[in-house]
file data06.pdb (PDB, C-alpha atoms)
ATOM      1  CA  MET A 430     -29.385   8.144   9.878
ATOM      2  CA  SER A 431     -29.809   7.482  13.569
ATOM      3  CA  VAL A 432     -27.433   8.766  16.231
ATOM      4  CA  GLN A 433     -26.309   5.184  16.867
ATOM      5  CA  GLU A 434     -25.512   4.616  13.176
ATOM      6  CA  ARG A 435     -23.575   7.869  13.015
ATOM      7  CA  LYS A 436     -21.560   6.930  16.105
ATOM      8  CA  GLN A 437     -20.784   3.514  14.656
ATOM      9  CA  ARG A 438     -19.662   5.099  11.384
ATOM     10  CA  GLU A 439     -17.465   7.602  13.247
ATOM     11  CA  ARG A 440     -15.968   4.815  15.353
ATOM     12  CA  ALA A 441     -15.166   2.751  12.260
ATOM     13  CA  GLU A 442     -13.578   5.806  10.631
ATOM     14  CA  ARG A 443     -11.408   6.451  13.719
ATOM     15  CA  GLU A 444     -10.314   2.821  13.680
ATOM     16  CA  ARG A 445      -9.362   3.046   9.981
ATOM     17  CA  LEU A 446      -7.424   6.232  10.728
ATOM     18  CA  ILE A 447      -5.534   4.570  13.593
ATOM     19  CA  VAL A 448      -4.594   1.566  11.432
ATOM     20  CA  ALA A 449      -3.620   3.705   8.427
ATOM     21  CA  THR A 450      -1.510   6.004  10.599
ATOM     22  CA  ALA A 451       0.203   3.084  12.349
ATOM     23  CA  ARG A 452       0.955   1.508   8.999
ATOM     24  CA  GLU A 453       2.309   4.739   7.554
ATOM     25  CA  LEU A 454       4.494   5.389  10.595
ATOM     26  CA  ALA A 455       5.786   1.798  10.585
ATOM     27  CA  GLU A 456       6.621   1.964   6.866
ATOM     28  CA  GLN A 457       8.455   5.265   7.350
ATOM     29  CA  GLN A 458      10.273   4.642  10.633
ATOM     30  CA  GLY A 459       9.783   1.000  11.608
ATOM     31  CA  TRP A 460       7.508  -0.626  14.149
ATOM     32  CA  ASP A 461       9.581   0.616  17.086
ATOM     33  CA  ALA A 462       8.388   4.116  16.214
ATOM     34  CA  VAL A 463       4.741   3.095  16.518
ATOM     35  CA  THR A 464       3.568   3.918  20.019
ATOM     36  CA  THR A 465       0.117   4.833  21.250
ATOM     37  CA  ARG A 466       1.474   8.216  22.260
ATOM     38  CA  ARG A 467       2.817   8.966  18.775
ATOM     39  CA  LEU A 468      -0.344   7.659  17.136
ATOM     40  CA  ALA A 469      -2.497   9.818  19.407
ATOM     41  CA  GLU A 470      -0.435  12.878  18.481
ATOM     42  CA  ARG A 471      -0.589  12.146  14.752
ATOM     43  CA  ILE A 472      -4.314  11.504  14.589
ATOM     44  CA  GLU A 473      -5.094  14.208  17.126
ATOM     45  CA  TYR A 474      -7.047  12.019  19.516
ATOM     46  CA  SER A 475      -6.193  11.190  23.108
ATOM     47  CA  GLN A 476      -4.546   7.931  24.074
ATOM     48  CA  PRO A 477      -7.745   6.795  25.855
ATOM     49  CA  VAL A 478      -9.544   7.092  22.505
ATOM     50  CA  LEU A 479      -6.933   4.777  20.942
ATOM     51  CA  TYR A 480      -7.349   2.351  23.819
ATOM     52  CA  SER A 481     -11.107   2.347  23.266
ATOM     53  CA  HIS A 482     -10.382   0.810  19.838
ATOM     54  CA  PHE A 483      -7.257  -1.272  20.503
ATOM     55  CA  ARG A 484      -5.882  -2.570  23.793
ATOM     56  CA  GLY A 485      -2.374  -1.728  22.662
ATOM     57  CA  LYS A 486       0.234  -1.966  19.968
ATOM     58  CA  ARG A 487      -0.167  -5.723  19.606
ATOM     59  CA  GLU A 488      -3.781  -5.344  18.477
ATOM     60  CA  ILE A 489      -2.815  -2.532  16.116
ATOM     61  CA  ILE A 490      -0.176  -4.787  14.553
ATOM     62  CA  GLY A 491      -2.853  -7.463  14.199
ATOM     63  CA  ALA A 492      -5.190  -5.029  12.447
ATOM     64  CA  VAL A 493      -2.419  -4.013  10.029
ATOM     65  CA  ALA A 494      -1.658  -7.700   9.423
ATOM     66  CA  LEU A 495      -5.277  -8.470   8.561
ATOM     67  CA  GLN A 496      -5.420  -5.531   6.184
ATOM     68  CA  GLY A 497      -2.142  -6.661   4.611
ATOM     69  CA  ALA A 498      -3.342 -10.248   4.237
ATOM     70  CA  ALA A 499      -6.370  -9.048   2.284
ATOM     71  CA  GLU A 500      -4.167  -6.886   0.056
ATOM     72  CA  MET A 501      -1.700  -9.707  -0.537
ATOM     73  CA  ALA A 502      -4.514 -12.079  -1.523
ATOM     74  CA  VAL A 503      -5.781  -9.538  -4.051
ATOM     75  CA  ALA A 504      -2.274  -9.020  -5.477
ATOM     76  CA  VAL A 505      -1.601 -12.754  -5.808
ATOM     77  CA  ARG A 506      -4.981 -13.448  -7.403
ATOM     78  CA  ALA A 507      -4.598 -10.572  -9.850
ATOM     79  CA  ALA A 508      -1.151 -11.777 -10.896
ATOM     80  CA  THR A 509      -2.172 -15.412 -11.283
ATOM     81  CA  ALA A 510      -5.395 -14.562 -13.134
ATOM     82  CA  ALA A 511      -3.355 -12.827 -15.824
ATOM     83  CA  ALA A 512      -1.050 -15.835 -16.267
ATOM     84  CA  ASP A 513      -1.629 -18.574 -18.812
ATOM     85  CA  GLY A 514      -0.820 -22.099 -17.672
ATOM     86  CA  PRO A 515       0.331 -23.659 -14.383
ATOM     87  CA  ARG A 516       4.020 -22.716 -14.676
ATOM     88  CA  GLU A 517       3.218 -19.114 -15.492
ATOM     89  CA  ARG A 518       0.699 -18.946 -12.624
ATOM     90  CA  VAL A 519       3.230 -20.242 -10.103
ATOM     91  CA  ALA A 520       5.898 -17.830 -11.358
ATOM     92  CA  ALA A 521       3.385 -14.948 -11.247
ATOM     93  CA  LEU A 522       2.397 -15.945  -7.717
ATOM     94  CA  ALA A 523       6.034 -15.975  -6.592
ATOM     95  CA  HIS A 524       6.726 -12.570  -8.120
ATOM     96  CA  ALA A 525       3.527 -11.057  -6.681
ATOM     97  CA  TYR A 526       4.376 -12.386  -3.221
ATOM     98  CA  LEU A 527       7.967 -11.142  -3.297
ATOM     99  CA  ASP A 528       6.898  -7.786  -4.746
ATOM    100  CA  PHE A 529       4.306  -7.373  -1.999
ATOM    101  CA  ALA A 530       6.916  -8.152   0.675
ATOM    102  CA  ALA A 531       9.404  -5.684  -0.842
ATOM    103  CA  ARG A 532       6.877  -2.856  -1.330
ATOM    104  CA  ASN A 533       5.274  -3.248   2.112
ATOM    105  CA  PRO A 534       8.010  -4.233   4.583
ATOM    106  CA  ALA A 535       6.186  -3.066   7.720
ATOM    107  CA  VAL A 536       2.975  -4.786   6.674
ATOM    108  CA  TYR A 537       4.943  -7.935   5.838
ATOM    109  CA  ASP A 538       6.527  -7.791   9.292
ATOM    110  CA  ALA A 539       3.089  -7.379  10.877
ATOM    111  CA  LEU A 540       1.896 -10.436   8.965
ATOM    112  CA  PHE A 541       4.813 -12.775   9.506
ATOM    113  CA  GLN A 542       7.379 -11.454  11.962
ATOM    114  CA  LEU A 543       5.606  -9.600  14.769
ATOM    115  CA  ASP A 544       3.110 -10.721  17.380
ATOM    116  CA  GLY A 545      -0.236  -9.279  16.403
ATOM    117  CA  GLY A 546      -2.158 -11.684  18.600
ATOM    118  CA  LEU A 547      -3.540 -13.557  15.594
ATOM    119  CA  ALA A 548      -4.013 -17.311  15.319
ATOM    120  CA  TYR A 549      -2.400 -18.872  12.252
ATOM    121  CA  ALA A 550      -3.277 -22.288  10.810
ATOM    122  CA  GLN A 551      -5.978 -22.941  13.399
ATOM    123  CA  GLU A 552      -9.754 -23.077  13.496
ATOM    124  CA  ASP A 553      -9.964 -19.541  14.884
ATOM    125  CA  THR A 554      -7.633 -18.070  12.256
ATOM    126  CA  PRO A 555      -9.179 -14.801  11.034
ATOM    127  CA  GLN A 556     -10.724 -14.976   7.566
ATOM    128  CA  PRO A 557      -8.274 -12.556   5.866
ATOM    129  CA  LEU A 558      -5.378 -14.854   6.836
ATOM    130  CA  LYS A 559      -7.263 -17.914   5.591
ATOM    131  CA  ASP A 560      -8.028 -16.094   2.362
ATOM    132  CA  ALA A 561      -4.378 -15.135   1.826
ATOM    133  CA  PHE A 562      -3.375 -18.780   2.195
ATOM    134  CA  ALA A 563      -6.220 -19.796  -0.125
ATOM    135  CA  ALA A 564      -4.878 -17.387  -2.753
ATOM    136  CA  LEU A 565      -1.582 -19.301  -2.675
ATOM    137  CA  LEU A 566      -3.276 -22.705  -2.576
ATOM    138  CA  GLU A 567      -5.385 -21.939  -5.655
ATOM    139  CA  SER A 568      -2.331 -21.931  -7.906
ATOM    140  CA  LEU A 569       0.040 -24.155  -5.965
ATOM    141  CA  GLY A 570      -2.468 -26.901  -5.241
ATOM    142  CA  GLU A 571      -2.773 -27.680  -8.924
ATOM    143  CA  VAL A 572       0.973 -28.376  -9.230
ATOM    144  CA  ALA A 573       1.542 -30.234  -5.947
ATOM    145  CA  GLY A 574       1.931 -33.544  -7.747
ATOM    146  CA  ASP A 575       0.476 -36.989  -7.309
ATOM    147  CA  GLY A 576       0.315 -38.156  -3.725
ATOM    148  CA  VAL A 577       1.346 -34.757  -2.350
ATOM    149  CA  HIS A 578      -1.094 -32.967  -0.060
ATOM    150  CA  PRO A 579      -1.838 -29.598  -1.758
ATOM    151  CA  GLY A 580      -1.924 -27.716   1.554
ATOM    152  CA  LEU A 581       1.424 -29.093   2.682
ATOM    153  CA  PHE A 582       2.975 -28.355  -0.694
ATOM    154  CA  THR A 583       1.632 -24.797  -0.477
ATOM    155  CA  GLU A 584       3.134 -24.423   2.992
ATOM    156  CA  ALA A 585       6.548 -25.596   1.750
ATOM    157  CA  PHE A 586       6.483 -23.273  -1.269
ATOM    158  CA  TRP A 587       5.282 -20.382   0.892
ATOM    159  CA  ALA A 588       8.095 -21.058   3.376
ATOM    160  CA  ALA A 589      10.609 -20.869   0.523
ATOM    161  CA  LEU A 590       9.124 -17.569  -0.665
ATOM    162  CA  HIS A 591       9.152 -16.212   2.872
ATOM    163  CA  GLY A 592      12.796 -17.172   3.203
ATOM    164  CA  LEU A 593      13.660 -15.419  -0.048
ATOM    165  CA  ALA A 594      11.750 -12.297   0.953
ATOM    166  CA  THR A 595      13.238 -12.157   4.436
ATOM    167  CA  LEU A 596      16.817 -12.977   3.491
ATOM    168  CA  THR A 597      16.840 -10.579   0.530
ATOM    169  CA  ARG A 598      15.455  -7.750   2.638
ATOM    170  CA  ALA A 599      18.041  -8.412   5.344
ATOM    171  CA  GLY A 600      20.834  -8.167   2.770
ATOM    172  CA  ARG A 601      21.732 -11.844   3.152
ATOM    173  CA  LEU A 602      20.865 -12.615  -0.474
ATOM    174  CA  PRO A 603      21.794 -10.307  -3.351
ATOM    175  CA  PRO A 604      18.611  -8.943  -4.952
ATOM    176  CA  GLU A 605      19.992  -9.168  -8.479
ATOM    177  CA  HIS A 606      19.566 -12.974  -8.372
ATOM    178  CA  THR A 607      15.906 -12.941  -7.338
ATOM    179  CA  GLU A 608      14.653 -13.909 -10.794
ATOM    180  CA  TRP A 609      17.004 -16.875 -10.903
ATOM    181  CA  ARG A 610      15.835 -18.002  -7.442
ATOM    182  CA  VAL A 611      12.186 -17.767  -8.497
ATOM    183  CA  GLU A 612      12.942 -19.844 -11.585
ATOM    184  CA  LEU A 613      14.616 -22.464  -9.385
ATOM    185  CA  LEU A 614      11.603 -22.601  -7.089
ATOM    186  CA  VAL A 615       9.205 -22.928  -9.975
ATOM    187  CA  ASP A 616      11.253 -25.465 -11.917
ATOM    188  CA  ARG A 617      12.569 -27.594  -9.047
ATOM    189  CA  LEU A 618      10.171 -27.283  -6.140
ATOM    190  CA  ALA A 619       7.023 -27.087  -8.234
ATOM    191  CA  MET A 620       8.591 -29.440 -10.804
ATOM    192  CA  LEU A 621       7.255 -27.410 -13.728
TER     193      LEU A 621
END
call {"tool": "encode", "arguments": {"input": "data06.pdb", "output": "structure tokens"}}
result
Amino acid sequence: MSVQERKQRERAERERLIVATARELAEQQGWDAVTTRRLAERIEYSQPVLYSHFRGKREIIGAVALQGAAEMAVAVRAATAAADGPRERVAALAHAYLDFAARNPAVYDALFQLDGGLAYAQEDTPQPLKDAFAALLESLGEVAGDGVHPGLFTEAFWAALHGLATLTRAGRLPPEHTEWRVELLVDRLAML
């Protein structure tokens, strides 16, 4: 291995450590607790080293969001692959999405609430975000209905799921009725 390859590997490892530490700190204490100073202390590197990887917190949030998008896509695809039939796939998708949001609140915030400097729904949208949307579209597109654009239907269903996730987490919706809400979405919105 050349010196250059070793340096690139070490740089990539430092970047993974920064993102993992930011994510862990955000999940434990919230995003307000994530500062470059605290990250530098936790990973035992200087702040200039952090700034050599990320220009600031915004880019770190973006990196966590991209990692989370990839994980969410995997979770949704795994859940829908195990389901038999369109209705079961849509219900599995909804549960996987809501479970991901509940288990990973800081990552969910990085994806959908905070400014990570990422472009959404544009040509320059990063691939992990496109892939996460594609994971939803794969199951929802098949149930959009005649004359309904699959992408627009997916956006509407996703918006409903996001609302459920956000409102439940904020204590605005009682969690004990989540199953009933998912059934309503599947039966009424997806018309299954």
call {"tool": "residues_around", "arguments": {"input": "data06.pdb", "residues": "range 431-442 of chain A", "least_positions_apart": "5", "cutoff": "12 Å", "atoms": "all atoms listed in the file", "output": "MDAnalysis selection string"}}
result
chainID A and resid 447:449 472 478:479 481:483
call {"tool": "closest_residue", "arguments": {"input": "data06.pdb", "among": "A:Glu605, A:Asp528, A:Glu584, A:Glu552", "to": "Met501 in chain A", "atoms": "only C-alpha atoms"}}
result
A:Asp528
call {"tool": "residues_around", "arguments": {"input": "data06.pdb", "residues": "range 516-523 of chain A", "least_positions_apart": "4", "cutoff": "12 Å", "atoms": "all atoms listed in the file", "output": "compact mmCIF listing (two decimals) with C-alpha atoms, in the coordinates of the input"}}
result
# COMPACT_ATOMS: atom_id res chain seq x y z
CA MET A 501 -1.70 -9.71 -0.54
CA ALA A 502 -4.51 -12.08 -1.52
CA VAL A 503 -5.78 -9.54 -4.05
CA ALA A 504 -2.27 -9.02 -5.48
CA VAL A 505 -1.60 -12.75 -5.81
CA ARG A 506 -4.98 -13.45 -7.40
CA ALA A 507 -4.60 -10.57 -9.85
CA ALA A 508 -1.15 -11.78 -10.90
CA THR A 509 -2.17 -15.41 -11.28
CA ALA A 510 -5.40 -14.56 -13.13
CA ALA A 511 -3.36 -12.83 -15.82
CA ALA A 512 -1.05 -15.84 -16.27
CA LEU A 527 7.97 -11.14 -3.30
CA ASP A 528 6.90 -7.79 -4.75
CA PHE A 529 4.31 -7.37 -2.00
CA ALA A 530 6.92 -8.15 0.68
CA ALA A 561 -4.38 -15.14 1.83
CA PHE A 562 -3.38 -18.78 2.19
CA ALA A 564 -4.88 -17.39 -2.75
CA LEU A 565 -1.58 -19.30 -2.68
CA LEU A 566 -3.28 -22.70 -2.58
CA GLU A 567 -5.38 -21.94 -5.66
CA SER A 568 -2.33 -21.93 -7.91
CA LEU A 569 0.04 -24.16 -5.96
CA GLY A 570 -2.47 -26.90 -5.24
CA GLU A 571 -2.77 -27.68 -8.92
CA VAL A 572 0.97 -28.38 -9.23
CA ALA A 573 1.54 -30.23 -5.95
CA THR A 583 1.63 -24.80 -0.48
CA PHE A 586 6.48 -23.27 -1.27
CA TRP A 587 5.28 -20.38 0.89
CA ALA A 588 8.10 -21.06 3.38
CA ALA A 589 10.61 -20.87 0.52
CA LEU A 590 9.12 -17.57 -0.66
CA HIS A 591 9.15 -16.21 2.87
CA GLY A 592 12.80 -17.17 3.20
CA LEU A 593 13.66 -15.42 -0.05
CA ALA A 594 11.75 -12.30 0.95
CA THR A 607 15.91 -12.94 -7.34
CA GLU A 608 14.65 -13.91 -10.79
CA TRP A 609 17.00 -16.88 -10.90
CA ARG A 610 15.84 -18.00 -7.44
CA VAL A 611 12.19 -17.77 -8.50
CA GLU A 612 12.94 -19.84 -11.58
CA LEU A 613 14.62 -22.46 -9.38
CA LEU A 614 11.60 -22.60 -7.09
CA VAL A 615 9.20 -22.93 -9.98
CA ASP A 616 11.25 -25.46 -11.92
CA ARG A 617 12.57 -27.59 -9.05
CA LEU A 618 10.17 -27.28 -6.14
CA ALA A 619 7.02 -27.09 -8.23
CA MET A 620 8.59 -29.44 -10.80
CA LEU A 621 7.26 -27.41 -13.73
call {"tool": "closest_residue", "arguments": {"input": "data06.pdb", "among": "A:Leu446, A:Ala599, A:Ala451, A:Val493", "to": "Tyr537 in chain A", "atoms": "only C-alpha atoms"}}
result
A:Val493
call {"tool": "atom_distance", "arguments": {"input": "data06.pdb", "atom1": "CA of Glu470 in chain A", "atom2": "CA of Leu540 in chain A"}}
result
25.3 Å
call {"tool": "axis_aligned_box", "arguments": {"input": "data06.pdb", "around": "range 481-488 of chain A", "padding_each_side": "5 Å", "output": "AutoDock Vina command-line options"}}
result
--center_x -5.4 --center_y -1.7 --center_z 21.1 --size_x 21.3 --size_y 18.1 --size_z 15.3
call {"tool": "atom_distance", "arguments": {"input": "data06.pdb", "atom1": "CA of Gly459 in chain A", "atom2": "CA of Val536 in chain A"}}
result
10.2 Å
call {"tool": "resolve_selection", "arguments": {"input": "data06.pdb", "expression": "the PyMOL selection byres ((chain A and resi 549) around 12)", "output": "list in words"}}
result
Gly491, Ala494, Leu495, Ala498, Leu540, Phe541, Asp544, Gly545, Gly546, Leu547, Ala548, Ala550, Gln551, Glu552, Asp553, Thr554, Pro555, Gln556, Pro557, Leu558, Lys559, Asp560, Ala561 and Phe562 of chain A
call {"tool": "write_last_selection", "arguments": {"input": "data06.pdb", "atoms": "C-alpha atoms", "output": "CSV table (one decimal), in the coordinates of the input"}}
result
chain,number,residue,atom,x,y,z
A,491,GLY,CA,-2.9,-7.5,14.2
A,494,ALA,CA,-1.7,-7.7,9.4
A,495,LEU,CA,-5.3,-8.5,8.6
A,498,ALA,CA,-3.3,-10.2,4.2
A,540,LEU,CA,1.9,-10.4,9.0
A,541,PHE,CA,4.8,-12.8,9.5
A,544,ASP,CA,3.1,-10.7,17.4
A,545,GLY,CA,-0.2,-9.3,16.4
A,546,GLY,CA,-2.2,-11.7,18.6
A,547,LEU,CA,-3.5,-13.6,15.6
A,548,ALA,CA,-4.0,-17.3,15.3
A,550,ALA,CA,-3.3,-22.3,10.8
A,551,GLN,CA,-6.0,-22.9,13.4
A,552,GLU,CA,-9.8,-23.1,13.5
A,553,ASP,CA,-10.0,-19.5,14.9
A,554,THR,CA,-7.6,-18.1,12.3
A,555,PRO,CA,-9.2,-14.8,11.0
A,556,GLN,CA,-10.7,-15.0,7.6
A,557,PRO,CA,-8.3,-12.6,5.9
A,558,LEU,CA,-5.4,-14.9,6.8
A,559,LYS,CA,-7.3,-17.9,5.6
A,560,ASP,CA,-8.0,-16.1,2.4
A,561,ALA,CA,-4.4,-15.1,1.8
A,562,PHE,CA,-3.4,-18.8,2.2
call {"tool": "atom_distance", "arguments": {"input": "data06.pdb", "atom1": "CA of Arg487 in chain A", "atom2": "CA of Gln458 in chain A"}}
result
17.2 Å
call {"tool": "closest_residue", "arguments": {"input": "data06.pdb", "among": "A:His606, A:Arg452, A:Arg443, A:Lys486", "to": "Tyr474 in chain A", "atoms": "all atoms listed in the file"}}
result
A:Arg443
call {"tool": "closest_residue", "arguments": {"input": "data06.pdb", "among": "A:Ile489, A:Arg601, A:Tyr526, A:Phe582", "to": "Arg445 in chain A", "atoms": "all atoms listed in the file"}}
result
A:Ile489
